[in-house]
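K.L.:
One structure coming up, written as structure tokens, with questions to follow.
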Amino acid sequence: MKVSQALESRMSVRAFTDQQVPVGTVKKVLEKAARSPSGSNLQPWRMVILTPEKLAKLNALMEKRLSGEANVNGDAQEYNIHPEKLKEPYRTSRYEVGEDMYALLGISRDEKPKRLEWFANNFKFFGAPAAAFCFVDRTMGQPQWSDLGMYLQSVMLLFQEEGIDTCPQECWAMYPKTIHEFCDMPDELMLFCGMAIGYKDKNHPVNNLKTKRLYSSEWLKVL
């Protein structure tokens, strides 16, 4: 598979089959991706792979969190997933992807309980049989966060090469303490995101979502 093919076929899959992904395959991909660019070779990514047994335990724990059983140590977000006040064209891009997704699911704007029920699937990794978390040292700054993005993009493209689908999930930043404790990570590390890993359910309507991209005239300048 060419890089261009992997990039074109990659998508954020939001419904997976129960076909298993061997832990060894996940580990191999994460190790290959470590050749990603990294400023001054800091390699700031710190990854955790969830075995099927641990994933089942986390899913059970998140059922409790979503039903209202709070973490006794709190779960305050440590970073904003989006800027607080999005301006255009960013606001429209975010709005459109949500509306397009719910339209495919047949959930109207006024059906808020159904929207919340669907959103809760984020915290089950959309039924994916494998998952990973990405952490970063708290001393790292914005340049190193960009390194995380390059690493995670490499991970997703390498999974495409393996015929495996993914969904990167910053939503896990809503439960940082829960995940930090569950993964037994040292205090100096901060949760960045999670990633669902598995095989796309081709029959689920949500996986027909094709996100729109801006025309290059809106973001590209040639001098």
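Identifiers for the structure tokens are assigned positionally: chains receive A, B, ... in sequence, residues are indexed from 1 per chain, and ligands are indexed from 1 in the order shown.
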Skip Glu63 of chain A itself and residues of its chain fewer than 3 positions away, then list as number ranges by chain all residues within 12 Å of it, counting only C-alpha atoms.

P.N.:
A: 56-60, 66-70, 117, 120-124

K.L.:
Which parts of segment 82-189 of chain A does DSSP call alpha helix (DSSP H) when run on the backbone here, written out as a PyMOL selection string?

P.N.:
chain A and resi 90-105+112-119+142-161+176-182

K.L.:
In segment 32-62 of chain A, what's strand (DSSP E or B) per DSSP? Answer as a PDB file with N, CA and C atoms, in the first residue's frame?

P.N.:
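Listing of part34.pdb after writing:
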```pdb
ATOM      1  N   ARG A  46       4.537   8.415  25.121  1.00  0.00           N
ATOM      2  CA  ARG A  46       4.583   7.294  26.065  1.00  0.00           C
ATOM      3  C   ARG A  46       3.260   6.551  25.896  1.00  0.00           C
ATOM      4  N   MET A  47       3.337   5.327  25.422  1.00  0.00           N
ATOM      5  CA  MET A  47       2.149   4.593  24.993  1.00  0.00           C
ATOM      6  C   MET A  47       1.798   3.447  25.946  1.00  0.00           C
ATOM      7  N   VAL A  48       0.511   3.170  26.029  1.00  0.00           N
ATOM      8  CA  VAL A  48      -0.011   2.043  26.800  1.00  0.00           C
ATOM      9  C   VAL A  48      -0.947   1.249  25.892  1.00  0.00           C
ATOM     10  N   ILE A  49      -0.724  -0.045  25.774  1.00  0.00           N
ATOM     11  CA  ILE A  49      -1.608  -0.937  25.020  1.00  0.00           C
ATOM     12  C   ILE A  49      -2.506  -1.671  26.020  1.00  0.00           C
ATOM     13  N   LEU A  50      -3.790  -1.712  25.746  1.00  0.00           N
ATOM     14  CA  LEU A  50      -4.718  -2.455  26.593  1.00  0.00           C
ATOM     15  C   LEU A  50      -4.932  -3.858  26.024  1.00  0.00           C
TER      16      LEU A  50
END
```

K.L.:
Leaving out Gly194 of chain A and any residue of its chain fewer than 2 positions from it, which residues lie within 6 Å of it when counting only C-alpha atoms, given as an NGL selection string?

P.N.:
:A and (132-133 or 169)

K.L.:
Find the residue from A:Glu170, A:Glu8, A:Asp18, A:Asp137 that sits nearest to Asn80 of chain A; use only C-alpha atoms when measuring.

P.N.:
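The shortest atom-to-atom distance to Asn80 of chain A comes from A:Glu170.
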
K.L.:
Please measure the separation of atom CA of Val72 of chain A and atom CA of Arg138 of chain A, giving the value in Å to one decimal.

P.N.:
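Between atom CA of Val72 of chain A and atom CA of Arg138 of chain A the gap works out to 22.4 Å.
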
K.L.:
Which segment 113-194 of chain A residues have any atom within 6 Å of an atom of segment 22-41 of chain A, and for each, what is the nearest pair of atoms with distance in Å to one decimal, counting only C-alpha atoms, rows sorted by chain and number, as a Markdown table?

P.N.:
```
| residue | atom | partner | partner_atom | distance |
| --- | --- | --- | --- | --- |
| A:Asp147 | CA | A:Ser38 | CA | 5.4 |
| A:Tyr151 | CA | A:Ser36 | CA | 5.3 |
| A:Ser154 | CA | A:Ala33 | CA | 5.4 |
| A:Val155 | CA | A:Ala33 | CA | 5.4 |
```

K.L.:
Can you write out the residues you just picked, keeping C-alpha atoms, as an mmCIF file, in the first residue's frame?

P.N.:
```cif
data_model
loop_
_atom_site.group_PDB
_atom_site.id
_atom_site.type_symbol
_atom_site.label_atom_id
_atom_site.label_comp_id
_atom_site.auth_asym_id
_atom_site.auth_seq_id
_atom_site.Cartn_x
_atom_site.Cartn_y
_atom_site.Cartn_z
ATOM 1 C CA ASP A 147 5.517 15.434 17.787
ATOM 2 C CA TYR A 151 3.674 9.904 15.829
ATOM 3 C CA SER A 154 2.255 7.374 11.593
ATOM 4 C CA VAL A 155 0.519 4.844 13.840
#
```
